[in-house]
$ cat structure.pdb   # PDB, C-alpha atoms, pLDDT in the B column
ATOM      1  CA  MET F   1       7.725  -2.918   8.983  1.00 53.00           C
ATOM      2  CA  ASP F   2       6.742  -1.532  12.370  1.00 65.00           C
ATOM      3  CA  ASN F   3       5.010   1.837  12.128  1.00 82.00           C
ATOM      4  CA  PHE F   4       4.822   1.678   8.315  1.00 94.00           C
ATOM      5  CA  TYR F   5       1.663   3.255   6.918  1.00 96.00           C
ATOM      6  CA  ARG F   6       0.102   4.673   3.814  1.00 97.00           C
ATOM      7  CA  ALA F   7      -2.373   7.519   3.455  1.00 97.00           C
ATOM      8  CA  LYS F   8      -3.496  10.012   0.846  1.00 97.00           C
ATOM      9  CA  ASN F   9      -1.662  13.326   0.674  1.00 96.00           C
ATOM     10  CA  LYS F  10      -4.050  16.048   1.872  1.00 95.00           C
ATOM     11  CA  GLU F  11      -2.868  18.459  -0.817  1.00 95.00           C
ATOM     12  CA  ASN F  12      -2.809  16.338  -3.996  1.00 96.00           C
ATOM     13  CA  GLY F  13      -4.610  13.066  -3.133  1.00 96.00           C
ATOM     14  CA  GLU F  14      -1.628  10.864  -4.038  1.00 96.00           C
ATOM     15  CA  TRP F  15      -0.552   7.954  -1.852  1.00 97.00           C
ATOM     16  CA  VAL F  16       2.245   8.577   0.661  1.00 96.00           C
ATOM     17  CA  TYR F  17       4.103   5.705   2.367  1.00 96.00           C
ATOM     18  CA  GLY F  18       6.078   6.115   5.570  1.00 95.00           C
ATOM     19  CA  ILE F  19       5.856   6.795   9.292  1.00 94.00           C
ATOM     20  CA  TYR F  20       2.575   8.187  10.669  1.00 95.00           C
ATOM     21  CA  LEU F  21       2.746  11.197  13.008  1.00 90.00           C
ATOM     22  CA  PRO F  22      -0.480  12.119  14.814  1.00 89.00           C
ATOM     23  CA  LEU F  23      -0.645  15.836  15.573  1.00 86.00           C
ATOM     24  CA  LEU F  24      -2.995  17.941  17.679  1.00 85.00           C
ATOM     25  CA  ASP F  25      -4.184  19.830  14.594  1.00 81.00           C
ATOM     26  CA  GLY F  26      -4.299  16.941  12.125  1.00 83.00           C
ATOM     27  CA  ALA F  27      -1.929  14.260  10.935  1.00 90.00           C
ATOM     28  CA  CYS F  28       1.146  13.965   8.786  1.00 92.00           C
ATOM     29  CA  MET F  29       3.550  11.378   7.551  1.00 94.00           C
ATOM     30  CA  ILE F  30       7.298  11.208   7.195  1.00 92.00           C
ATOM     31  CA  PRO F  31       7.583   9.689   3.706  1.00 92.00           C
ATOM     32  CA  ASP F  32       9.968   6.767   3.294  1.00 88.00           C
ATOM     33  CA  ASP F  33      11.944   8.949   0.848  1.00 88.00           C
ATOM     34  CA  ALA F  34      11.863  12.058   3.095  1.00 87.00           C
ATOM     35  CA  ARG F  35      14.431  14.768   2.558  1.00 88.00           C
ATOM     36  CA  ILE F  36      16.459  15.984   5.528  1.00 89.00           C
ATOM     37  CA  CYS F  37      17.981  19.451   5.499  1.00 87.00           C
ATOM     38  CA  ARG F  38      20.332  21.238   7.854  1.00 88.00           C
ATOM     39  CA  LYS F  39      18.993  24.406   9.464  1.00 86.00           C
ATOM     40  CA  ALA F  40      20.688  27.119  11.473  1.00 88.00           C
ATOM     41  CA  GLU F  41      18.704  29.884  13.083  1.00 87.00           C
ATOM     42  CA  VAL F  42      19.156  32.526  15.741  1.00 88.00           C
ATOM     43  CA  VAL F  43      16.405  32.505  18.358  1.00 87.00           C
ATOM     44  CA  ASP F  44      16.477  35.039  21.215  1.00 90.00           C
ATOM     45  CA  GLY F  45      20.132  35.712  20.480  1.00 90.00           C
ATOM     46  CA  GLU F  46      21.079  32.024  20.615  1.00 90.00           C
ATOM     47  CA  GLU F  47      22.288  30.177  17.533  1.00 89.00           C
ATOM     48  CA  ILE F  48      20.436  26.908  17.052  1.00 87.00           C
ATOM     49  CA  ASN F  49      21.736  24.279  14.643  1.00 88.00           C
ATOM     50  CA  GLY F  50      19.702  21.273  13.707  1.00 87.00           C
ATOM     51  CA  HIS F  51      18.021  19.257  11.028  1.00 84.00           C
ATOM     52  CA  LEU F  52      14.527  19.325   9.583  1.00 84.00           C
ATOM     53  CA  ILE F  53      12.826  16.306   8.091  1.00 89.00           C
ATOM     54  CA  GLU F  54      10.200  16.548   5.385  1.00 89.00           C
ATOM     55  CA  THR F  55       6.630  15.775   6.422  1.00 92.00           C
ATOM     56  CA  VAL F  56       3.467  15.504   4.330  1.00 94.00           C
ATOM     57  CA  PRO F  57      -0.030  16.425   5.579  1.00 95.00           C
ATOM     58  CA  ILE F  58      -2.402  13.465   5.132  1.00 96.00           C
ATOM     59  CA  LYS F  59      -6.111  12.690   5.032  1.00 95.00           C
ATOM     60  CA  ARG F  60      -6.445  10.816   8.332  1.00 93.00           C
ATOM     61  CA  SER F  61      -9.499   8.912   7.050  1.00 94.00           C
ATOM     62  CA  THR F  62      -7.308   7.124   4.454  1.00 96.00           C
ATOM     63  CA  LEU F  63      -4.623   5.995   6.912  1.00 95.00           C
ATOM     64  CA  GLY F  64      -3.842   2.281   6.770  1.00 96.00           C
ATOM     65  CA  MET F  65      -1.190   0.294   8.612  1.00 95.00           C
ATOM     66  CA  CYS F  66       0.967  -2.235   6.799  1.00 95.00           C
ATOM     67  CA  PHE F  67       0.179  -5.830   7.812  1.00 94.00           C
ATOM     68  CA  GLY F  68       3.833  -6.847   7.441  1.00 92.00           C
ATOM     69  CA  ILE F  69       3.117  -9.387   4.700  1.00 93.00           C
ATOM     70  CA  GLU F  70       3.404  -9.158   0.918  1.00 93.00           C
ATOM     71  CA  ASP F  71       1.225 -10.707  -1.764  1.00 93.00           C
ATOM     72  CA  ASN F  72       2.589 -13.027  -4.454  1.00 91.00           C
ATOM     73  CA  ALA F  73       3.641 -10.028  -6.580  1.00 93.00           C
ATOM     74  CA  GLY F  74       5.610  -8.478  -3.690  1.00 94.00           C
ATOM     75  CA  MET F  75       2.997  -5.798  -2.908  1.00 94.00           C
ATOM     76  CA  PRO F  76       2.645  -5.047   0.826  1.00 95.00           C
ATOM     77  CA  VAL F  77      -0.837  -5.494   2.298  1.00 96.00           C
ATOM     78  CA  PHE F  78      -2.329  -2.456   4.071  1.00 97.00           C
ATOM     79  CA  SER F  79      -5.515  -1.986   6.044  1.00 96.00           C
ATOM     80  CA  GLY F  80      -8.210  -1.053   3.540  1.00 95.00           C
ATOM     81  CA  ASP F  81      -6.858  -3.283   0.757  1.00 97.00           C
ATOM     82  CA  TYR F  82      -8.915  -5.790  -1.193  1.00 94.00           C
ATOM     83  CA  ILE F  83      -7.197  -9.173  -1.432  1.00 93.00           C
ATOM     84  CA  LYS F  84      -8.044 -11.603  -4.224  1.00 91.00           C
ATOM     85  CA  VAL F  85      -7.482 -15.234  -3.274  1.00 86.00           C
ATOM     86  CA  LYS F  86      -6.716 -17.300  -6.359  1.00 77.00           C
ATOM     87  CA  THR F  87      -9.025 -20.203  -5.536  1.00 62.00           C
ATOM     88  CA  ALA F  88     -11.954 -20.240  -3.155  1.00 52.00           C
ATOM     89  CA  SER F  89     -11.340 -23.977  -2.567  1.00 53.00           C
ATOM     90  CA  VAL F  90      -8.054 -23.101  -0.862  1.00 54.00           C
ATOM     91  CA  VAL F  91      -9.960 -20.737   1.432  1.00 56.00           C
ATOM     92  CA  LYS F  92     -12.378 -23.551   2.253  1.00 54.00           C
ATOM     93  CA  SER F  93      -9.652 -26.074   2.995  1.00 57.00           C
ATOM     94  CA  ILE F  94      -7.631 -23.688   5.173  1.00 56.00           C
ATOM     95  CA  CYS F  95     -10.616 -22.303   7.058  1.00 57.00           C
ATOM     96  CA  GLY F  96     -12.955 -25.319   6.990  1.00 54.00           C
ATOM     97  CA  LEU F  97     -15.738 -23.230   5.449  1.00 47.00           C
ATOM     98  CA  ASP F  98     -18.808 -24.662   3.761  1.00 43.00           C
ATOM     99  CA  ALA F  99     -19.482 -21.501   1.741  1.00 44.00           C
ATOM    100  CA  ALA F 100     -17.182 -19.972  -0.838  1.00 48.00           C
ATOM    101  CA  VAL F 101     -15.973 -16.413  -0.486  1.00 55.00           C
ATOM    102  CA  GLN F 102     -17.668 -14.276  -3.162  1.00 49.00           C
ATOM    103  CA  ASP F 103     -15.273 -13.884  -6.115  1.00 59.00           C
ATOM    104  CA  GLY F 104     -12.415 -14.810  -3.771  1.00 79.00           C
ATOM    105  CA  ILE F 105     -12.142 -11.126  -2.731  1.00 86.00           C
ATOM    106  CA  LEU F 106     -11.594 -10.218   0.917  1.00 88.00           C
ATOM    107  CA  LEU F 107     -11.180  -6.864   2.664  1.00 91.00           C
ATOM    108  CA  ALA F 108      -8.109  -6.441   4.891  1.00 93.00           C
ATOM    109  CA  GLU F 109      -8.876  -4.344   7.976  1.00 92.00           C
ATOM    110  CA  GLU F 110      -7.161  -3.425  11.215  1.00 91.00           C
ATOM    111  CA  THR F 111      -9.454  -3.920  14.219  1.00 87.00           C
ATOM    112  CA  ASP F 112      -9.011  -3.573  17.958  1.00 87.00           C
ATOM    113  CA  ARG F 113      -8.306  -7.345  17.973  1.00 87.00           C
ATOM    114  CA  GLY F 114      -5.669  -7.219  15.228  1.00 88.00           C
ATOM    115  CA  PHE F 115      -5.637  -7.642  11.442  1.00 91.00           C
ATOM    116  CA  PHE F 116      -8.615  -9.420   9.899  1.00 89.00           C
ATOM    117  CA  LEU F 117     -10.008 -10.336   6.493  1.00 88.00           C
ATOM    118  CA  PHE F 118     -13.729  -9.881   5.775  1.00 85.00           C
ATOM    119  CA  ASP F 119     -15.980 -10.834   2.860  1.00 78.00           C
ATOM    120  CA  GLY F 120     -18.525  -8.135   3.696  1.00 71.00           C
ATOM    121  CA  GLU F 121     -21.096 -10.558   5.106  1.00 67.00           C
ATOM    122  CA  THR F 122     -20.225 -13.525   7.309  1.00 64.00           C
ATOM    123  CA  PHE F 123     -16.586 -14.409   6.761  1.00 68.00           C
ATOM    124  CA  SER F 124     -14.008 -13.022   9.207  1.00 78.00           C
ATOM    125  CA  ILE F 125     -10.594 -14.503   9.928  1.00 82.00           C
ATOM    126  CA  ASN F 126      -7.232 -13.499  11.402  1.00 85.00           C
ATOM    127  CA  ALA F 127      -5.430 -12.064   8.362  1.00 87.00           C
ATOM    128  CA  LEU F 128      -1.839 -12.891   9.249  1.00 87.00           C
ATOM    129  CA  GLN F 129      -2.514 -16.504  10.216  1.00 86.00           C
ATOM    130  CA  PHE F 130      -4.643 -17.064   7.141  1.00 85.00           C
ATOM    131  CA  LEU F 131      -2.297 -15.390   4.625  1.00 88.00           C
ATOM    132  CA  HIS F 132       0.776 -17.164   6.043  1.00 86.00           C
ATOM    133  CA  ARG F 133      -1.035 -20.528   5.887  1.00 83.00           C
ATOM    134  CA  LEU F 134      -2.222 -19.727   2.386  1.00 82.00           C
ATOM    135  CA  GLN F 135       1.339 -19.036   1.210  1.00 84.00           C
ATOM    136  CA  GLU F 136       2.711 -22.123   2.984  1.00 83.00           C
ATOM    137  CA  SER F 137       0.112 -24.340   1.280  1.00 79.00           C
ATOM    138  CA  GLY F 138       1.034 -22.988  -2.167  1.00 81.00           C
ATOM    139  CA  GLY F 139      -2.019 -20.762  -2.468  1.00 80.00           C
ATOM    140  CA  GLU F 140      -1.787 -17.338  -4.048  1.00 85.00           C
ATOM    141  CA  PHE F 141      -3.259 -13.961  -3.242  1.00 91.00           C
ATOM    142  CA  THR F 142      -2.852 -10.482  -4.696  1.00 93.00           C
ATOM    143  CA  VAL F 143      -3.782  -6.976  -3.651  1.00 95.00           C
ATOM    144  CA  CYS F 144      -6.406  -6.046  -6.252  1.00 94.00           C
ATOM    145  CA  GLY F 145      -7.410  -2.585  -5.010  1.00 95.00           C
ATOM    146  CA  ASN F 146      -8.508  -0.667  -1.936  1.00 96.00           C
ATOM    147  CA  ILE F 147     -11.608   0.905  -0.419  1.00 94.00           C
ATOM    148  CA  TYR F 148     -10.538   4.435  -1.412  1.00 95.00           C
ATOM    149  CA  ASP F 149      -9.766   3.972  -5.102  1.00 95.00           C
ATOM    150  CA  ASN F 150     -11.927   0.994  -6.067  1.00 93.00           C
ATOM    151  CA  PRO F 151     -15.602   1.400  -5.104  1.00 89.00           C
ATOM    152  CA  GLU F 152     -16.458  -1.270  -7.700  1.00 89.00           C
ATOM    153  CA  LEU F 153     -14.882  -3.877  -5.376  1.00 87.00           C
ATOM    154  CA  THR F 154     -17.263  -3.327  -2.451  1.00 83.00           C
ATOM    155  CA  PRO F 155     -19.422  -6.401  -1.751  1.00 76.00           C
ATOM    156  CA  GLU F 156     -22.529  -4.384  -2.692  1.00 77.00           C
ATOM    157  CA  ALA F 157     -21.095  -3.320  -6.060  1.00 76.00           C
ATOM    158  CA  ARG F 158     -19.953  -6.867  -6.850  1.00 75.00           C
ATOM    159  CA  LYS F 159     -23.425  -8.250  -5.994  1.00 70.00           C
ATOM    160  CA  ASN F 160     -25.079  -5.678  -8.245  1.00 72.00           C
ATOM    161  CA  SER F 161     -22.751  -6.480 -11.140  1.00 67.00           C
ATOM    162  CA  ILE F 162     -23.638 -10.185 -10.866  1.00 59.00           C
ATOM    163  CA  ALA F 163     -27.386  -9.524 -10.760  1.00 52.00           C
TER     164      ALA F 163
END
$ encode --input "structure.pdb" --output "structure tokens"
Amino acid sequence: MDNFYRAKNKENGEWVYGIYLPLLDGACMIPDDARICRKAEVVDGEEINGHLIETVPIKRSTLGMCFGIEDNAGMPVFSGDYIKVKTASVVKSICGLDAAVQDGILLAEETDRGFFLFDGETFSINALQFLHRLQESGGEFTVCGNIYDNPELTPEARKNSIA
């Protein structure tokens, strides 16, 4: 899953999955179901034959890299996803934490140090190590939303709904 990303289509706001291409004037993605067409053109008297691949303009701010791991339902985890851990006690036993993670929901983010999970306050852990250990120990986790489509899952919103 190297170089596998998702981002929102700049034109219609729908999710696009594929290969990210940074451009000088923006960004685009080659979707994983991209169409390829043959093209022949005459340029300066020379016939040029080649192929064109479909690209989709994206909203760069929604770009998220795939972590290379899937949840228990087979959904790939991307940067910007909210992960729901089935039981907070599993989080405690794997991480040696004294405090439970609020609602068992963690935010998956790509940082300059790698992929991490955050609870919005104090909890931060290497995502790949934690999620692999969680799966190996029989624990479960699911992608339950993302920061772009689910504002109700932010730590602030969840605190306010409890209060």
$ atom_distance --input "structure.pdb" --atom1 "CA of Tyr5 (chain F)" --atom2 "CA of Tyr20 (chain F)"
6.3 Å
$ atom_distance --input "structure.pdb" --atom1 "CA of Leu153 (chain F)" --atom2 "CA of Leu106 (chain F)"
9.5 Å
$ residues_around --input "structure.pdb" --residues "Asp71 (chain F)" --least-positions-apart "3" --cutoff "8 Å" --atoms "only C-alpha atoms" --output "list in words"
Gly74, Met75, Pro76, Val77, Glu140, Phe141, Thr142 and Val143 of chain F
$ closest_residue --input "structure.pdb" --among "F:Glu109, F:Glu11, F:Asp81, F:Asp149" --to "Lys59 (chain F)" --atoms "only C-alpha atoms"
F:Glu11
$ closest_residue --input "structure.pdb" --among "F:Cys66, F:Leu134, F:Ile58, F:Leu117" --to "Phe4 (chain F)" --atoms "all atoms listed in the file"
F:Cys66
$ resolve_selection --input "structure.pdb" --expression "the PyMOL selection byres ((chain F and resi 53) around 10)" --output "PyMOL selection string"
chain F and resi 30-31+34-38+51-52+54-55
$ write_last_selection --input "structure.pdb" --atoms "C-alpha atoms" --output "CSV table (one decimal), in the coordinates of the input"
chain,number,residue,atom,x,y,z
F,30,ILE,CA,7.3,11.2,7.2
F,31,PRO,CA,7.6,9.7,3.7
F,34,ALA,CA,11.9,12.1,3.1
F,35,ARG,CA,14.4,14.8,2.6
F,36,ILE,CA,16.5,16.0,5.5
F,37,CYS,CA,18.0,19.5,5.5
F,38,ARG,CA,20.3,21.2,7.9
F,51,HIS,CA,18.0,19.3,11.0
F,52,LEU,CA,14.5,19.3,9.6
F,54,GLU,CA,10.2,16.5,5.4
F,55,THR,CA,6.6,15.8,6.4
$ residues_around --input "structure.pdb" --residues "Ser61 (chain F)" --least-positions-apart "5" --cutoff "10 Å" --atoms "only C-alpha atoms" --output "VMD selection string"
chain F and resid 7 to 8 148
$ write_last_selection --input "structure.pdb" --atoms "C-alpha atoms" --output "short mmCIF file (atom, residue, chain, number, x, y, z; two decimals), in the coordinates of the input"
data_model
loop_
_atom_site.label_atom_id
_atom_site.label_comp_id
_atom_site.auth_asym_id
_atom_site.auth_seq_id
_atom_site.Cartn_x
_atom_site.Cartn_y
_atom_site.Cartn_z
CA ALA F 7 -2.37 7.52 3.46
CA LYS F 8 -3.50 10.01 0.85
CA TYR F 148 -10.54 4.43 -1.41
#
$ decode --input "structure.pdb" --residues "region 34-47 of chain F" --atoms "all heavy atoms" --output "PDB file, in the first residue's frame"
ATOM      1  N   ALA F  34      -8.519   4.272 -12.335  1.00  0.00           N
ATOM      2  CA  ALA F  34      -8.281   5.241 -13.417  1.00  0.00           C
ATOM      3  C   ALA F  34      -8.409   4.607 -14.795  1.00  0.00           C
ATOM      4  O   ALA F  34      -7.995   3.477 -15.023  1.00  0.00           O
ATOM      5  CB  ALA F  34      -6.896   5.865 -13.276  1.00  0.00           C
ATOM      6  N   ARG F  35      -8.968   5.385 -15.698  1.00  0.00           N
ATOM      7  CA  ARG F  35      -9.057   4.966 -17.098  1.00  0.00           C
ATOM      8  C   ARG F  35      -7.789   5.423 -17.820  1.00  0.00           C
ATOM      9  O   ARG F  35      -7.258   6.493 -17.566  1.00  0.00           O
ATOM     10  CB  ARG F  35     -10.279   5.594 -17.754  1.00  0.00           C
ATOM     11  CG  ARG F  35     -11.594   5.075 -17.206  1.00  0.00           C
ATOM     12  CD  ARG F  35     -12.781   5.680 -17.945  1.00  0.00           C
ATOM     13  NE  ARG F  35     -12.738   7.132 -17.995  1.00  0.00           N
ATOM     14  CZ  ARG F  35     -13.405   7.941 -17.188  1.00  0.00           C
ATOM     15  NH1 ARG F  35     -14.184   7.449 -16.266  1.00  0.00           N
ATOM     16  NH2 ARG F  35     -13.317   9.247 -17.304  1.00  0.00           N
ATOM     17  N   ILE F  36      -7.339   4.579 -18.744  1.00  0.00           N
ATOM     18  CA  ILE F  36      -6.182   4.905 -19.576  1.00  0.00           C
ATOM     19  C   ILE F  36      -6.669   4.901 -21.021  1.00  0.00           C
ATOM     20  O   ILE F  36      -7.365   3.993 -21.450  1.00  0.00           O
ATOM     21  CB  ILE F  36      -5.049   3.883 -19.392  1.00  0.00           C
ATOM     22  CG1 ILE F  36      -4.592   3.869 -17.934  1.00  0.00           C
ATOM     23  CG2 ILE F  36      -3.885   4.188 -20.324  1.00  0.00           C
ATOM     24  CD1 ILE F  36      -3.593   2.785 -17.606  1.00  0.00           C
ATOM     25  N   CYS F  37      -6.323   5.958 -21.752  1.00  0.00           N
ATOM     26  CA  CYS F  37      -6.736   5.997 -23.159  1.00  0.00           C
ATOM     27  C   CYS F  37      -5.511   6.256 -24.039  1.00  0.00           C
ATOM     28  O   CYS F  37      -4.537   6.870 -23.624  1.00  0.00           O
ATOM     29  CB  CYS F  37      -7.812   7.045 -23.392  1.00  0.00           C
ATOM     30  SG  CYS F  37      -7.304   8.720 -23.046  1.00  0.00           S
ATOM     31  N   ARG F  38      -5.606   5.755 -25.245  1.00  0.00           N
ATOM     32  CA  ARG F  38      -4.538   5.928 -26.229  1.00  0.00           C
ATOM     33  C   ARG F  38      -4.753   7.277 -26.913  1.00  0.00           C
ATOM     34  O   ARG F  38      -5.870   7.676 -27.191  1.00  0.00           O
ATOM     35  CB  ARG F  38      -4.600   4.791 -27.241  1.00  0.00           C
ATOM     36  CG  ARG F  38      -3.458   4.762 -28.174  1.00  0.00           C
ATOM     37  CD  ARG F  38      -3.512   3.464 -28.993  1.00  0.00           C
ATOM     38  NE  ARG F  38      -2.518   3.515 -30.020  1.00  0.00           N
ATOM     39  CZ  ARG F  38      -1.275   3.125 -29.857  1.00  0.00           C
ATOM     40  NH1 ARG F  38      -0.900   2.622 -28.713  1.00  0.00           N
ATOM     41  NH2 ARG F  38      -0.404   3.228 -30.836  1.00  0.00           N
ATOM     42  N   LYS F  39      -3.672   7.977 -27.185  1.00  0.00           N
ATOM     43  CA  LYS F  39      -3.767   9.295 -27.806  1.00  0.00           C
ATOM     44  C   LYS F  39      -2.695   9.424 -28.884  1.00  0.00           C
ATOM     45  O   LYS F  39      -1.550   9.065 -28.665  1.00  0.00           O
ATOM     46  CB  LYS F  39      -3.585  10.372 -26.738  1.00  0.00           C
ATOM     47  CG  LYS F  39      -3.586  11.768 -27.261  1.00  0.00           C
ATOM     48  CD  LYS F  39      -4.725  12.534 -26.685  1.00  0.00           C
ATOM     49  CE  LYS F  39      -4.589  13.980 -27.124  1.00  0.00           C
ATOM     50  NZ  LYS F  39      -5.801  14.631 -27.297  1.00  0.00           N
ATOM     51  N   ALA F  40      -3.109   9.938 -30.011  1.00  0.00           N
ATOM     52  CA  ALA F  40      -2.167  10.226 -31.099  1.00  0.00           C
ATOM     53  C   ALA F  40      -2.382  11.675 -31.499  1.00  0.00           C
ATOM     54  O   ALA F  40      -3.514  12.132 -31.630  1.00  0.00           O
ATOM     55  CB  ALA F  40      -2.411   9.300 -32.280  1.00  0.00           C
ATOM     56  N   GLU F  41      -1.291  12.391 -31.634  1.00  0.00           N
ATOM     57  CA  GLU F  41      -1.388  13.811 -31.948  1.00  0.00           C
ATOM     58  C   GLU F  41      -0.182  14.211 -32.794  1.00  0.00           C
ATOM     59  O   GLU F  41       0.900  13.633 -32.678  1.00  0.00           O
ATOM     60  CB  GLU F  41      -1.405  14.606 -30.642  1.00  0.00           C
ATOM     61  CG  GLU F  41      -2.029  15.957 -30.757  1.00  0.00           C
ATOM     62  CD  GLU F  41      -2.221  16.590 -29.381  1.00  0.00           C
ATOM     63  OE1 GLU F  41      -2.983  16.051 -28.561  1.00  0.00           O
ATOM     64  OE2 GLU F  41      -1.568  17.612 -29.141  1.00  0.00           O
ATOM     65  N   VAL F  42      -0.394  15.218 -33.619  1.00  0.00           N
ATOM     66  CA  VAL F  42       0.714  15.753 -34.408  1.00  0.00           C
ATOM     67  C   VAL F  42       1.129  17.078 -33.771  1.00  0.00           C
ATOM     68  O   VAL F  42       0.327  17.984 -33.605  1.00  0.00           O
ATOM     69  CB  VAL F  42       0.296  15.968 -35.885  1.00  0.00           C
ATOM     70  CG1 VAL F  42       1.435  16.608 -36.664  1.00  0.00           C
ATOM     71  CG2 VAL F  42      -0.118  14.654 -36.513  1.00  0.00           C
ATOM     72  N   VAL F  43       2.401  17.146 -33.386  1.00  0.00           N
ATOM     73  CA  VAL F  43       2.947  18.341 -32.755  1.00  0.00           C
ATOM     74  C   VAL F  43       4.164  18.767 -33.562  1.00  0.00           C
ATOM     75  O   VAL F  43       5.112  17.998 -33.734  1.00  0.00           O
ATOM     76  CB  VAL F  43       3.338  18.073 -31.284  1.00  0.00           C
ATOM     77  CG1 VAL F  43       3.965  19.313 -30.665  1.00  0.00           C
ATOM     78  CG2 VAL F  43       2.148  17.603 -30.480  1.00  0.00           C
ATOM     79  N   ASP F  44       4.126  20.006 -34.080  1.00  0.00           N
ATOM     80  CA  ASP F  44       5.221  20.539 -34.897  1.00  0.00           C
ATOM     81  C   ASP F  44       5.593  19.588 -36.037  1.00  0.00           C
ATOM     82  O   ASP F  44       6.771  19.351 -36.317  1.00  0.00           O
ATOM     83  CB  ASP F  44       6.457  20.837 -34.045  1.00  0.00           C
ATOM     84  CG  ASP F  44       6.217  21.950 -33.035  1.00  0.00           C
ATOM     85  OD1 ASP F  44       5.391  22.838 -33.326  1.00  0.00           O
ATOM     86  OD2 ASP F  44       6.856  21.921 -31.971  1.00  0.00           O
ATOM     87  N   GLY F  45       4.578  19.003 -36.646  1.00  0.00           N
ATOM     88  CA  GLY F  45       4.790  18.116 -37.778  1.00  0.00           C
ATOM     89  C   GLY F  45       5.214  16.705 -37.413  1.00  0.00           C
ATOM     90  O   GLY F  45       5.392  15.860 -38.279  1.00  0.00           O
ATOM     91  N   GLU F  46       5.380  16.432 -36.136  1.00  0.00           N
ATOM     92  CA  GLU F  46       5.777  15.090 -35.686  1.00  0.00           C
ATOM     93  C   GLU F  46       4.573  14.376 -35.079  1.00  0.00           C
ATOM     94  O   GLU F  46       3.845  14.942 -34.264  1.00  0.00           O
ATOM     95  CB  GLU F  46       6.877  15.181 -34.616  1.00  0.00           C
ATOM     96  CG  GLU F  46       8.189  15.708 -35.112  1.00  0.00           C
ATOM     97  CD  GLU F  46       8.896  14.721 -36.018  1.00  0.00           C
ATOM     98  OE1 GLU F  46       8.844  13.498 -35.761  1.00  0.00           O
ATOM     99  OE2 GLU F  46       9.489  15.177 -37.017  1.00  0.00           O
ATOM    100  N   GLU F  47       4.383  13.118 -35.481  1.00  0.00           N
ATOM    101  CA  GLU F  47       3.291  12.338 -34.891  1.00  0.00           C
ATOM    102  C   GLU F  47       3.754  11.748 -33.561  1.00  0.00           C
ATOM    103  O   GLU F  47       4.809  11.118 -33.469  1.00  0.00           O
ATOM    104  CB  GLU F  47       2.862  11.213 -35.830  1.00  0.00           C
ATOM    105  CG  GLU F  47       1.634  10.494 -35.315  1.00  0.00           C
ATOM    106  CD  GLU F  47       1.091   9.468 -36.285  1.00  0.00           C
ATOM    107  OE1 GLU F  47       1.253   9.638 -37.506  1.00  0.00           O
ATOM    108  OE2 GLU F  47       0.521   8.491 -35.806  1.00  0.00           O
TER     109      GLU F  47
END
